[in-house]
$ cat query.cif   # mmCIF, C-alpha atoms
data_target
loop_
_atom_site.group_PDB
_atom_site.id
_atom_site.type_symbol
_atom_site.label_atom_id
_atom_site.label_comp_id
_atom_site.auth_asym_id
_atom_site.auth_seq_id
_atom_site.Cartn_x
_atom_site.Cartn_y
_atom_site.Cartn_z
ATOM 1 C CA MET A 1 81.475 36.254 77.587
ATOM 2 C CA GLY A 2 78.086 37.494 76.430
ATOM 3 C CA ASN A 3 75.690 38.847 79.000
ATOM 4 C CA ILE A 4 73.988 35.829 80.626
ATOM 5 C CA LYS A 5 71.996 35.801 83.851
ATOM 6 C CA LEU A 6 72.713 32.521 85.586
ATOM 7 C CA SER A 7 70.560 31.301 88.455
ATOM 8 C CA ILE A 8 70.265 28.275 90.726
ATOM 9 C CA LEU A 9 67.454 25.775 91.282
ATOM 10 C CA GLU A 10 67.586 24.082 94.698
ATOM 11 C CA LEU A 11 65.760 20.830 95.512
ATOM 12 C CA GLY A 12 66.950 20.453 99.108
ATOM 13 C CA GLU A 13 68.933 17.255 98.524
ATOM 14 C CA ARG A 14 72.103 16.771 100.550
ATOM 15 C CA ASP A 15 74.137 13.783 101.690
ATOM 16 C CA ASN A 16 73.633 14.517 105.389
ATOM 17 C CA ILE A 17 71.004 12.628 107.369
ATOM 18 C CA ASP A 18 69.985 15.536 109.589
ATOM 19 C CA SER A 19 67.372 17.734 107.842
ATOM 20 C CA LEU A 20 68.279 20.788 109.934
ATOM 21 C CA GLN A 21 71.916 20.427 108.951
ATOM 22 C CA ASN A 22 70.812 20.179 105.325
ATOM 23 C CA ILE A 23 68.791 23.384 105.650
ATOM 24 C CA THR A 24 71.882 25.132 106.994
ATOM 25 C CA SER A 25 73.768 23.832 103.957
ATOM 26 C CA VAL A 26 71.110 25.180 101.575
ATOM 27 C CA ILE A 27 71.272 28.635 103.170
ATOM 28 C CA GLU A 28 75.075 28.592 102.951
ATOM 29 C CA TYR A 29 74.803 27.546 99.294
ATOM 30 C CA ALA A 30 72.426 30.433 98.565
ATOM 31 C CA GLN A 31 74.674 32.968 100.287
ATOM 32 C CA LYS A 32 77.619 31.762 98.236
ATOM 33 C CA ALA A 33 75.551 31.992 95.037
ATOM 34 C CA GLU A 34 74.857 35.660 95.735
ATOM 35 C CA GLU A 35 78.502 36.332 96.541
ATOM 36 C CA LEU A 36 79.540 34.781 93.201
ATOM 37 C CA GLY A 37 77.131 36.845 91.088
ATOM 38 C CA PHE A 38 74.197 34.514 90.465
ATOM 39 C CA HIS A 39 70.926 36.228 89.565
ATOM 40 C CA ARG A 40 68.208 34.097 91.186
ATOM 41 C CA PHE A 41 67.910 31.318 93.726
ATOM 42 C CA TRP A 42 64.775 29.236 93.289
ATOM 43 C CA LEU A 43 63.462 26.572 95.654
ATOM 44 C CA ALA A 44 61.508 23.601 94.332
ATOM 45 C CA GLU A 45 58.653 22.034 96.300
ATOM 46 C CA HIS A 46 58.449 18.350 97.226
ATOM 47 C CA HIS A 47 56.166 16.067 99.175
ATOM 48 C CA PHE A 48 55.865 12.370 100.051
ATOM 49 C CA GLY A 49 59.576 11.594 100.383
ATOM 50 C CA ASN A 50 62.239 11.754 103.092
ATOM 51 C CA GLU A 51 65.189 12.739 100.881
ATOM 52 C CA PHE A 52 64.336 16.447 100.964
ATOM 53 C CA CYS A 53 64.966 18.794 103.886
ATOM 54 C CA TYR A 54 61.784 20.847 103.396
ATOM 55 C CA THR A 55 58.380 20.563 101.691
ATOM 56 C CA SER A 56 56.812 23.944 100.914
ATOM 57 C CA PRO A 57 59.546 26.524 100.263
ATOM 58 C CA GLU A 58 58.086 29.674 101.826
ATOM 59 C CA LEU A 59 59.716 29.519 105.275
ATOM 60 C CA LEU A 60 63.113 28.586 103.877
ATOM 61 C CA LEU A 61 62.638 31.220 101.183
ATOM 62 C CA MET A 62 62.167 33.798 103.933
ATOM 63 C CA ALA A 63 65.340 32.660 105.720
ATOM 64 C CA ILE A 64 67.361 32.888 102.503
ATOM 65 C CA ALA A 65 65.925 36.275 101.550
ATOM 66 C CA GLY A 66 66.811 37.526 105.026
ATOM 67 C CA SER A 67 70.416 36.362 104.662
ATOM 68 C CA THR A 68 70.965 37.844 101.175
ATOM 69 C CA GLU A 69 70.739 41.368 99.787
ATOM 70 C CA ARG A 70 70.782 41.432 95.973
ATOM 71 C CA MET A 71 69.779 38.070 94.516
ATOM 72 C CA ARG A 72 66.183 37.308 93.573
ATOM 73 C CA ILE A 73 64.635 34.512 95.659
ATOM 74 C CA GLY A 74 61.635 32.425 94.678
ATOM 75 C CA SER A 75 59.724 29.187 94.290
ATOM 76 C CA ALA A 76 59.993 26.883 91.288
ATOM 77 C CA GLY A 77 57.382 26.147 91.795
ATOM 78 C CA SER A 78 54.604 26.196 94.299
ATOM 79 C CA ILE A 79 52.274 23.232 93.740
ATOM 80 C CA THR A 80 49.154 25.319 93.410
ATOM 81 C CA ASN A 81 46.648 22.468 93.624
ATOM 82 C CA PHE A 82 47.673 21.825 97.230
ATOM 83 C CA TYR A 83 46.810 25.281 98.558
ATOM 84 C CA SER A 84 44.401 28.159 98.754
ATOM 85 C CA SER A 85 45.339 30.771 96.155
ATOM 86 C CA TYR A 86 44.503 33.536 98.618
ATOM 87 C CA GLU A 87 46.837 32.027 101.206
ATOM 88 C CA LYS A 88 49.772 31.730 98.814
ATOM 89 C CA VAL A 89 49.373 35.139 97.180
ATOM 90 C CA SER A 90 49.165 36.716 100.641
ATOM 91 C CA GLN A 91 52.421 35.015 101.651
ATOM 92 C CA TYR A 92 54.393 35.869 98.526
ATOM 93 C CA LYS A 93 53.151 39.428 98.337
ATOM 94 C CA LEU A 94 54.082 40.086 101.952
ATOM 95 C CA LEU A 95 57.499 38.502 101.433
ATOM 96 C CA ASN A 96 58.075 40.637 98.351
ATOM 97 C CA ASN A 97 57.398 43.823 100.285
ATOM 98 C CA LEU A 98 59.534 42.709 103.224
ATOM 99 C CA PHE A 99 62.488 41.887 100.977
ATOM 100 C CA ASP A 100 62.864 44.814 98.589
ATOM 101 C CA ASP A 101 60.849 43.500 95.628
ATOM 102 C CA ARG A 102 63.140 40.456 95.209
ATOM 103 C CA ILE A 103 60.592 37.625 95.350
ATOM 104 C CA ASP A 104 59.554 35.377 92.444
ATOM 105 C CA TYR A 105 56.395 33.269 92.704
ATOM 106 C CA GLY A 106 56.491 30.294 90.346
ATOM 107 C CA VAL A 107 53.428 28.090 89.892
ATOM 108 C CA SER A 108 53.494 24.448 88.814
ATOM 109 C CA LYS A 109 51.130 21.523 88.521
ATOM 110 C CA GLY A 110 53.366 19.199 90.531
ATOM 111 C CA HIS A 111 51.910 15.935 91.739
ATOM 112 C CA ILE A 112 48.925 14.670 89.744
ATOM 113 C CA ILE A 113 46.198 14.812 92.370
ATOM 114 C CA ASN A 114 44.172 12.081 90.672
ATOM 115 C CA ARG A 115 46.981 9.682 91.615
ATOM 116 C CA LEU A 116 47.150 10.660 95.287
ATOM 117 C CA SER A 117 45.905 8.269 97.920
ATOM 118 C CA GLU A 118 42.745 9.044 99.857
ATOM 119 C CA THR A 119 44.829 9.849 102.949
ATOM 120 C CA GLN A 120 47.113 12.209 101.011
ATOM 121 C CA ARG A 121 44.154 14.052 99.491
ATOM 122 C CA SER A 122 42.530 14.311 102.905
ATOM 123 C CA PHE A 123 45.558 15.886 104.591
ATOM 124 C CA LEU A 124 45.995 18.303 101.679
ATOM 125 C CA ASN A 125 42.293 19.198 101.812
ATOM 126 C CA ILE A 126 41.786 18.337 98.127
ATOM 127 C CA PRO A 127 38.158 17.563 97.197
ATOM 128 C CA THR A 128 37.652 13.924 96.261
ATOM 129 C CA ASP A 129 36.091 14.823 92.917
ATOM 130 C CA ALA A 130 38.739 17.425 91.929
ATOM 131 C CA ASP A 131 40.359 17.052 88.513
ATOM 132 C CA HIS A 132 44.074 17.854 88.299
ATOM 133 C CA GLU A 133 44.075 19.992 85.145
ATOM 134 C CA THR A 134 40.800 21.769 85.927
ATOM 135 C CA LEU A 135 41.858 22.652 89.466
ATOM 136 C CA PHE A 136 45.261 23.913 88.342
ATOM 137 C CA ASN A 137 43.753 26.209 85.708
ATOM 138 C CA GLN A 138 41.335 27.535 88.321
ATOM 139 C CA ARG A 139 44.180 28.233 90.751
ATOM 140 C CA VAL A 140 46.218 30.047 88.099
ATOM 141 C CA SER A 141 43.239 32.274 87.294
ATOM 142 C CA GLU A 142 42.679 32.998 90.996
ATOM 143 C CA ILE A 143 46.334 33.905 91.543
ATOM 144 C CA SER A 144 46.272 36.250 88.570
ATOM 145 C CA GLU A 145 43.067 37.942 89.749
ATOM 146 C CA LEU A 146 44.398 38.392 93.290
ATOM 147 C CA ILE A 147 47.556 40.028 91.925
ATOM 148 C CA TYR A 148 46.154 42.167 89.114
ATOM 149 C CA ASN A 149 42.598 42.917 90.245
ATOM 150 C CA GLU A 150 43.434 44.042 93.767
ATOM 151 C CA THR A 151 41.409 47.256 93.799
ATOM 152 C CA ALA A 152 38.123 45.694 92.653
ATOM 153 C CA LEU A 153 38.474 42.732 95.018
ATOM 154 C CA TYR A 154 39.046 45.083 97.929
ATOM 155 C CA LYS A 155 36.302 47.583 97.118
ATOM 156 C CA ASN A 156 33.653 45.047 96.099
ATOM 157 C CA HIS A 157 34.425 42.110 98.375
ATOM 158 C CA GLY A 158 36.734 43.357 101.140
ATOM 159 C CA ILE A 159 39.455 40.931 100.034
ATOM 160 C CA VAL A 160 42.931 42.160 100.964
ATOM 161 C CA THR A 161 46.331 40.585 100.358
ATOM 162 C CA PRO A 162 48.549 42.685 102.654
ATOM 163 C CA PRO A 163 50.020 45.119 102.245
ATOM 164 C CA LEU A 164 47.134 46.683 100.365
ATOM 165 C CA TYR A 165 48.445 48.167 97.099
ATOM 166 C CA GLY A 166 51.897 46.805 97.879
ATOM 167 C CA ARG A 167 54.292 45.505 95.245
ATOM 168 C CA PRO A 168 53.327 42.062 93.919
ATOM 169 C CA PRO A 169 55.881 39.276 93.425
ATOM 170 C CA ARG A 170 56.940 38.400 89.891
ATOM 171 C CA LEU A 171 54.786 35.562 88.621
ATOM 172 C CA PHE A 172 56.226 32.662 86.622
ATOM 173 C CA TYR A 173 54.371 29.874 84.867
ATOM 174 C CA LEU A 174 56.555 26.755 84.998
ATOM 175 C CA SER A 175 56.196 24.174 82.256
ATOM 176 C CA SER A 176 58.166 21.467 80.449
ATOM 177 C CA SER A 177 56.555 22.348 77.104
ATOM 178 C CA TYR A 178 55.071 25.145 75.037
ATOM 179 C CA ASN A 179 51.537 23.823 75.407
ATOM 180 C CA HIS A 180 50.402 26.345 78.003
ATOM 181 C CA PHE A 181 51.371 29.709 76.555
ATOM 182 C CA ASP A 182 47.735 30.789 76.270
ATOM 183 C CA LYS A 183 47.115 30.105 79.972
ATOM 184 C CA ALA A 184 50.281 31.949 80.995
ATOM 185 C CA LEU A 185 49.372 34.818 78.688
ATOM 186 C CA ASP A 186 45.846 35.142 80.081
ATOM 187 C CA ALA A 187 47.273 35.107 83.617
ATOM 188 C CA GLY A 188 49.912 37.746 82.831
ATOM 189 C CA MET A 189 52.727 35.431 83.916
ATOM 190 C CA ASN A 190 56.354 35.211 82.875
ATOM 191 C CA TYR A 191 57.430 31.801 81.566
ATOM 192 C CA CYS A 192 59.986 29.239 82.694
ATOM 193 C CA ARG A 193 60.615 26.473 80.164
ATOM 194 C CA SER A 194 62.131 23.401 81.830
ATOM 195 C CA PHE A 195 64.375 20.932 80.027
ATOM 196 C CA ILE A 196 64.577 18.915 83.248
ATOM 197 C CA HIS A 197 61.163 17.260 83.113
ATOM 198 C CA GLY A 198 59.248 15.539 80.362
ATOM 199 C CA LYS A 199 60.478 14.045 77.104
ATOM 200 C CA ASP A 200 62.494 17.007 76.047
ATOM 201 C CA LEU A 201 65.768 17.331 74.289
ATOM 202 C CA TYR A 202 69.062 19.053 74.763
ATOM 203 C CA GLY A 203 69.587 20.113 71.195
ATOM 204 C CA ARG A 204 67.812 21.853 68.322
ATOM 205 C CA ASP A 205 64.231 22.743 69.122
ATOM 206 C CA PRO A 206 61.860 22.750 66.148
ATOM 207 C CA GLU A 207 59.244 24.736 68.097
ATOM 208 C CA VAL A 208 61.467 27.533 69.321
ATOM 209 C CA GLU A 209 59.510 30.142 67.324
ATOM 210 C CA LYS A 210 56.621 29.629 69.758
ATOM 211 C CA LEU A 211 58.654 31.507 72.371
ATOM 212 C CA LYS A 212 58.924 34.475 70.035
ATOM 213 C CA THR A 213 55.171 34.384 69.422
ATOM 214 C CA TYR A 214 54.515 34.289 73.165
ATOM 215 C CA ARG A 215 56.677 37.353 73.739
ATOM 216 C CA GLU A 216 54.980 39.249 70.952
ATOM 217 C CA LYS A 217 51.450 38.407 72.128
ATOM 218 C CA PHE A 218 52.364 39.256 75.711
ATOM 219 C CA TYR A 219 53.768 42.627 74.683
ATOM 220 C CA ASP A 220 50.719 43.412 72.530
ATOM 221 C CA ARG A 221 48.409 42.746 75.482
ATOM 222 C CA TYR A 222 50.381 44.127 78.453
ATOM 223 C CA HIS A 223 52.802 46.580 76.769
ATOM 224 C CA TYR A 224 55.934 45.167 78.362
ATOM 225 C CA THR A 225 58.177 42.217 77.541
ATOM 226 C CA PRO A 226 57.800 39.102 79.726
ATOM 227 C CA GLU A 227 60.750 37.373 81.321
ATOM 228 C CA VAL A 228 61.555 33.974 79.835
ATOM 229 C CA VAL A 229 63.801 31.569 81.740
ATOM 230 C CA LEU A 230 65.238 28.216 80.626
ATOM 231 C CA ALA A 231 65.878 25.561 83.295
ATOM 232 C CA LEU A 232 68.548 22.893 82.875
ATOM 233 C CA GLY A 233 69.766 20.040 85.059
ATOM 234 C CA VAL A 234 73.492 19.319 85.055
ATOM 235 C CA LYS A 235 76.125 16.979 86.398
ATOM 236 C CA ILE A 236 79.495 18.721 86.259
ATOM 237 C CA ILE A 237 82.442 16.536 85.241
ATOM 238 C CA GLU A 238 86.099 17.437 84.719
ATOM 239 C CA ASN A 239 86.608 15.535 81.471
ATOM 240 C CA GLY A 240 84.602 13.554 78.970
ATOM 241 C CA PRO A 241 81.930 14.028 76.334
ATOM 242 C CA THR A 242 78.639 15.782 76.945
ATOM 243 C CA GLN A 243 75.755 13.329 77.226
ATOM 244 C CA LYS A 244 72.190 13.061 78.503
ATOM 245 C CA ILE A 245 71.531 10.972 81.600
ATOM 246 C CA VAL A 246 68.446 10.290 83.714
ATOM 247 C CA HIS A 247 68.553 11.118 87.428
ATOM 248 C CA ASN A 248 65.436 10.503 89.578
ATOM 249 C CA ASN A 249 63.248 10.699 86.453
ATOM 250 C CA MET A 250 64.828 14.018 85.464
ATOM 251 C CA GLN A 251 66.680 14.771 82.238
ATOM 252 C CA ILE A 252 70.231 15.785 83.164
ATOM 253 C CA LEU A 253 73.141 16.932 81.058
ATOM 254 C CA GLU A 254 76.481 15.456 82.088
ATOM 255 C CA THR A 255 79.030 17.980 80.896
ATOM 256 C CA THR A 256 82.229 19.867 81.493
ATOM 257 C CA LEU A 257 82.128 23.547 82.350
ATOM 258 C CA PRO A 258 83.536 24.721 78.985
ATOM 259 C CA ASN A 259 80.935 22.638 77.149
ATOM 260 C CA LEU A 260 78.162 24.001 79.389
ATOM 261 C CA ARG A 261 79.316 27.547 78.683
ATOM 262 C CA ASP A 262 79.186 26.876 74.942
ATOM 263 C CA LEU A 263 75.741 25.291 75.259
ATOM 264 C CA LEU A 264 74.358 28.293 77.134
ATOM 265 C CA MET A 265 75.732 30.629 74.483
ATOM 266 C CA ASP A 266 74.103 28.471 71.807
ATOM 267 C CA TYR A 267 70.784 28.528 73.676
ATOM 268 C CA LYS A 268 71.043 32.276 74.089
ATOM 269 C CA ASP A 269 71.187 32.635 70.308
ATOM 270 C CA GLN A 270 68.645 29.910 69.552
ATOM 271 C CA TYR A 271 65.971 30.946 72.080
ATOM 272 C CA TYR A 272 66.770 34.668 72.408
ATOM 273 C CA VAL A 273 67.015 34.043 76.153
ATOM 274 C CA GLU A 274 69.633 35.427 78.528
ATOM 275 C CA ASP A 275 68.203 34.006 81.758
ATOM 276 C CA PHE A 276 69.098 30.424 82.726
ATOM 277 C CA VAL A 277 68.480 28.504 85.935
ATOM 278 C CA ILE A 278 70.724 25.525 86.698
ATOM 279 C CA TYR A 279 70.002 22.500 88.890
ATOM 280 C CA ASP A 280 73.246 20.798 89.956
ATOM 281 C CA ILE A 281 72.584 17.186 91.035
ATOM 282 C CA GLU A 282 75.665 17.105 93.278
ATOM 283 C CA ARG A 283 74.593 16.313 96.872
ATOM 284 C CA ASN A 284 77.786 17.204 98.749
ATOM 285 C CA ASN A 285 77.530 20.835 99.802
ATOM 286 C CA GLU A 286 81.244 21.570 99.560
ATOM 287 C CA GLU A 287 81.305 20.174 96.028
ATOM 288 C CA LYS A 288 78.157 22.137 95.110
ATOM 289 C CA ILE A 289 79.766 25.355 96.324
ATOM 290 C CA GLN A 290 82.934 24.559 94.386
ATOM 291 C CA ASN A 291 80.803 24.040 91.275
ATOM 292 C CA LEU A 292 79.219 27.446 91.924
ATOM 293 C CA SER A 293 82.628 29.052 92.064
ATOM 294 C CA ASN A 294 83.779 27.316 88.892
ATOM 295 C CA LEU A 295 80.573 28.259 87.063
ATOM 296 C CA SER A 296 80.911 31.880 88.115
ATOM 297 C CA GLN A 297 84.495 31.971 86.909
ATOM 298 C CA GLU A 298 83.731 30.198 83.621
ATOM 299 C CA LEU A 299 80.890 32.600 82.784
ATOM 300 C CA GLU A 300 82.577 35.660 84.317
ATOM 301 C CA LEU A 301 79.576 36.408 86.517
ATOM 302 C CA TRP A 302 81.727 38.574 88.741
ATOM 303 C CA LYS A 303 81.939 41.143 85.933
ATOM 304 C CA GLN A 304 78.153 41.401 85.752
ATOM 305 C CA GLN A 305 77.921 41.657 89.539
ATOM 306 C CA LYS A 306 80.471 44.463 89.578
ATOM 307 C CA TYR A 307 78.584 46.286 86.828
ATOM 308 C CA SER A 308 75.182 45.925 88.475
ATOM 309 C CA THR A 309 76.593 47.069 91.824
ATOM 310 C CA THR A 310 78.100 50.258 90.395
ATOM 311 C CA LEU A 311 75.197 51.067 88.020
#

$ encode --input "query.cif" --output "structure tokens"
Amino acid sequence: MGNIKLSILELGERDNIDSLQNITSVIEYAQKAEELGFHRFWLAEHHFGNEFCYTSPELLLMAIAGSTERMRIGSAGSITNFYSSYEKVSQYKLLNNLFDDRIDYGVSKGHIINRLSETQRSFLNIPTDADHETLFNQRVSEISELIYNETALYKNHGIVTPPLYGRPPRLFYLSSSYNHFDKALDAGMNYCRSFIHGKDLYGRDPEVEKLKTYREKFYDRYHYTPEVVLALGVKIIENGPTQKIVHNNMQILETTLPNLRDLLMDYKDQYYVEDFVIYDIERNNEEKIQNLSNLSQELELWKQQKYSTTL
């Protein structure tokens, strides 16, 4: 099997009624993912629904980071329009220094604030005249400045995101399209391209060359190669053809493990990407863990884990 980094996207959905029991299940799931050789474990953020066992991921992220040792842990993504950029950068930077430089900070637009009710906007402290796109772009710029312009902000304005001069988290710009490369590039952010949201396809991508252009422009400006991650949603089946289905307004691929392996290898060649994050829609924790084990075996992740441990 070619070298593929496989990671997990967690939404906090389980078939138990008790949210605390579900949180325990998520932590167990993350621990098993590390044991089986998965590269990252990302937590999505959700609001305004009772089917999820958490809202903002930071506290659960801390619990998972504290119960793992090797795997990268992060958000996918933090809904930046809901928060102060200073507050979030301070949290993720501190977490990254507490947990051995293993924290990823993914930013996303999330809920369209123009569609929120007056009560929702009030509790989230969103100005009544705020525009969704404008506010998001402002937040992305603020996050980038807080991360990359630390010295000037401290010396000129006394702004500190502790620990001063500590290691920043890895920043990821999450998007379901290629329309925001310029914004990610200006912000110095890695890129996660999601096939889960939007109108997108599981198949040949006529715009794939845009990823190559993004990498080249990023390298020319920052003199290192950005990380690019592809996110897929899956429903694992034992037998049957591979097909697209819709689950909670998300684009999901219903597939067998051998077909998923072949698809990932095809995407690796098509997109020049080795880093994939998988969202498994299964809600039963025992079944999710079994799918983890089967995925790890199918893609021989244990070999990569053994190599990285002895390197």

$ residues_around --input "query.cif" --residues "Glu298 of chain A" --least-positions-apart "4" --cutoff "8 Å" --atoms "only C-alpha atoms" --output "VMD selection string"
chain A and resid 257 to 258 261 294

$ resolve_selection --input "query.cif" --expression "the PyMOL selection byres ((chain A and resi 167) around 8)" --output "PyMOL selection string"
chain A and resi 93+96-97+101+165-166+168-169

$ residues_around --input "query.cif" --residues "Phe52 of chain A" --least-positions-apart "6" --cutoff "8 Å" --atoms "all atoms listed in the file" --output "MDAnalysis selection string"
chainID A and resid 11:14 19 46

$ closest_residue --input "query.cif" --among "A:Thr55, A:Ile237, A:Asp15, A:Gly66" --to "Arg283 of chain A" --atoms "all atoms listed in the file"
A:Asp15

$ residues_around --input "query.cif" --residues "segment 262-265 of chain A" --least-positions-apart "3" --cutoff "8 Å" --atoms "only C-alpha atoms" --output "list of chain:residue names"
A:Gly2, A:Pro258, A:Asn259, A:Lys268, A:Asp269, A:Phe276

$ write_last_selection --input "query.cif" --atoms "C-alpha atoms" --output "PDB file, keeping the file's coordinate frame"
ATOM      1  CA  GLY A   2      78.086  37.494  76.430  1.00  0.00           C
ATOM      2  CA  PRO A 258      83.536  24.721  78.985  1.00  0.00           C
ATOM      3  CA  ASN A 259      80.935  22.638  77.149  1.00  0.00           C
ATOM      4  CA  LYS A 268      71.043  32.276  74.089  1.00  0.00           C
ATOM      5  CA  ASP A 269      71.187  32.635  70.308  1.00  0.00           C
ATOM      6  CA  PHE A 276      69.098  30.424  82.726  1.00  0.00           C
TER       7      PHE A 276
END

$ closest_residue --input "query.cif" --among "A:Phe195, A:Tyr154, A:Tyr272, A:Tyr54" --to "Leu174 of chain A" --atoms "all atoms listed in the file"
A:Phe195

$ resolve_selection --input "query.cif" --expression "the PyMOL selection byres ((chain A and resi 137) around 12)" --output "PyMOL selection string"
chain A and resi 80-81+85+107-109+130-136+138-144+173+180+182-184+186-187

$ resolve_selection --input "query.cif" --expression "the PyMOL selection byres ((chain A and resi 24) around 12)" --output "MDAnalysis selection string"
chainID A and resid 12:14 16 18:23 25:31 53:54 60 63:64 67 285

$ residues_around --input "query.cif" --residues "segment 218-227 of chain A" --least-positions-apart "5" --cutoff "8 Å" --atoms "only C-alpha atoms" --output "ChimeraX atom specification"
/A:185,188-191

$ residues_near_point --input "query.cif" --point "(68.7, 31.1, 78.8)" --cutoff "10 Å" --atoms "all atoms listed in the file" --output "list in words"
Ile4, Lys5, Leu6, Ser7, Cys192, Arg193, Val228, Val229, Leu230, Ala231, Leu232, Leu263, Leu264, Met265, Asp266, Tyr267, Lys268, Asp269, Gln270, Tyr271, Tyr272, Val273, Glu274, Asp275, Phe276, Val277 and Ile278 of chain A

$ residues_near_point --input "query.cif" --point "(74.5, 14.1, 81.3)" --cutoff "10 Å" --atoms "only C-alpha atoms" --output "list in words"
Tyr202, Gly233, Val234, Lys235, Ile236, Ile237, Pro241, Thr242, Gln243, Lys244, Ile245, Val246, His247, Gln251, Ile252, Leu253, Glu254, Thr255 and Thr256 of chain A

$ atom_distance --input "query.cif" --atom1 "atom CA of Gln297 of chain A" --atom2 "atom CA of Thr68 of chain A"
20.5 Å

$ atom_distance --input "query.cif" --atom1 "atom CA of Ser176 of chain A" --atom2 "atom CA of Arg102 of chain A"
24.6 Å

$ atom_distance --input "query.cif" --atom1 "atom CA of Asn291 of chain A" --atom2 "atom CA of His47 of chain A"
27.1 Å

$ closest_residue --input "query.cif" --among "A:Tyr178, A:Tyr86, A:Phe99, A:Tyr105" --to "Ala44 of chain A" --atoms "all atoms listed in the file"
A:Tyr105

$ residues_around --input "query.cif" --residues "Ser296 of chain A" --least-positions-apart "4" --cutoff "9 Å" --atoms "only C-alpha atoms" --output "mmCIF file with C-alpha atoms, keeping the file's coordinate frame"
data_model
loop_
_atom_site.group_PDB
_atom_site.id
_atom_site.type_symbol
_atom_site.label_atom_id
_atom_site.label_comp_id
_atom_site.auth_asym_id
_atom_site.auth_seq_id
_atom_site.Cartn_x
_atom_site.Cartn_y
_atom_site.Cartn_z
ATOM 1 C CA LEU A 6 72.713 32.521 85.586
ATOM 2 C CA ALA A 33 75.551 31.992 95.037
ATOM 3 C CA LEU A 36 79.540 34.781 93.201
ATOM 4 C CA GLY A 37 77.131 36.845 91.088
ATOM 5 C CA PHE A 38 74.197 34.514 90.465
ATOM 6 C CA ASN A 291 80.803 24.040 91.275
ATOM 7 C CA LEU A 292 79.219 27.446 91.924
ATOM 8 C CA GLU A 300 82.577 35.660 84.317
ATOM 9 C CA LEU A 301 79.576 36.408 86.517
ATOM 10 C CA TRP A 302 81.727 38.574 88.741
#

$ closest_residue --input "query.cif" --among "A:Gly77, A:Pro163, A:Gly158, A:Pro206" --to "Leu61 of chain A" --atoms "all atoms listed in the file"
A:Gly77

$ closest_residue --input "query.cif" --among "A:Val160, A:Ile112, A:Ile289, A:Leu43" --to "Glu58 of chain A" --atoms "only C-alpha atoms"
A:Leu43

$ closest_residue --input "query.cif" --among "A:Arg170, A:Glu69, A:Asn248, A:Asn179" --to "Asp104 of chain A" --atoms "only C-alpha atoms"
A:Arg170

$ build_atoms --input "query.cif" --residues "segment 238-249 of chain A" --atoms "N, CA and C atoms" --output "mmCIF file, in the frame of the given file"
data_model
loop_
_atom_site.group_PDB
_atom_site.id
_atom_site.type_symbol
_atom_site.label_atom_id
_atom_site.label_comp_id
_atom_site.auth_asym_id
_atom_site.auth_seq_id
_atom_site.Cartn_x
_atom_site.Cartn_y
_atom_site.Cartn_z
ATOM 1 N N GLU A 238 84.858 16.764 85.098
ATOM 2 C CA GLU A 238 86.099 17.437 84.719
ATOM 3 C C GLU A 238 86.472 17.163 83.272
ATOM 4 N N ASN A 239 86.243 15.920 82.830
ATOM 5 C CA ASN A 239 86.608 15.535 81.471
ATOM 6 C C ASN A 239 85.554 14.583 80.918
ATOM 7 N N GLY A 240 85.512 14.489 79.599
ATOM 8 C CA GLY A 240 84.602 13.554 78.970
ATOM 9 C C GLY A 240 83.598 14.242 78.078
ATOM 10 N N PRO A 241 82.913 13.452 77.272
ATOM 11 C CA PRO A 241 81.930 14.028 76.334
ATOM 12 C C PRO A 241 80.657 14.459 77.050
ATOM 13 N N THR A 242 79.943 15.377 76.440
ATOM 14 C CA THR A 242 78.639 15.782 76.945
ATOM 15 C C THR A 242 77.603 14.741 76.550
ATOM 16 N N GLN A 243 76.779 14.322 77.528
ATOM 17 C CA GLN A 243 75.755 13.329 77.226
ATOM 18 C C GLN A 243 74.560 13.514 78.152
ATOM 19 N N LYS A 244 73.412 13.016 77.699
ATOM 20 C CA LYS A 244 72.190 13.061 78.503
ATOM 21 C C LYS A 244 72.138 11.837 79.407
ATOM 22 N N ILE A 245 71.749 12.066 80.668
ATOM 23 C CA ILE A 245 71.531 10.972 81.600
ATOM 24 C C ILE A 245 70.189 11.217 82.297
ATOM 25 N N VAL A 246 69.685 10.177 82.947
ATOM 26 C CA VAL A 246 68.446 10.290 83.714
ATOM 27 C C VAL A 246 68.779 10.154 85.192
ATOM 28 N N HIS A 247 68.307 11.107 85.983
ATOM 29 C CA HIS A 247 68.553 11.118 87.428
ATOM 30 C C HIS A 247 67.223 11.365 88.121
ATOM 31 N N ASN A 248 66.730 10.371 88.877
ATOM 32 C CA ASN A 248 65.436 10.503 89.578
ATOM 33 C C ASN A 248 64.334 10.984 88.644
ATOM 34 N N ASN A 249 64.262 10.375 87.465
ATOM 35 C CA ASN A 249 63.248 10.699 86.453
ATOM 36 C C ASN A 249 63.391 12.101 85.880
#
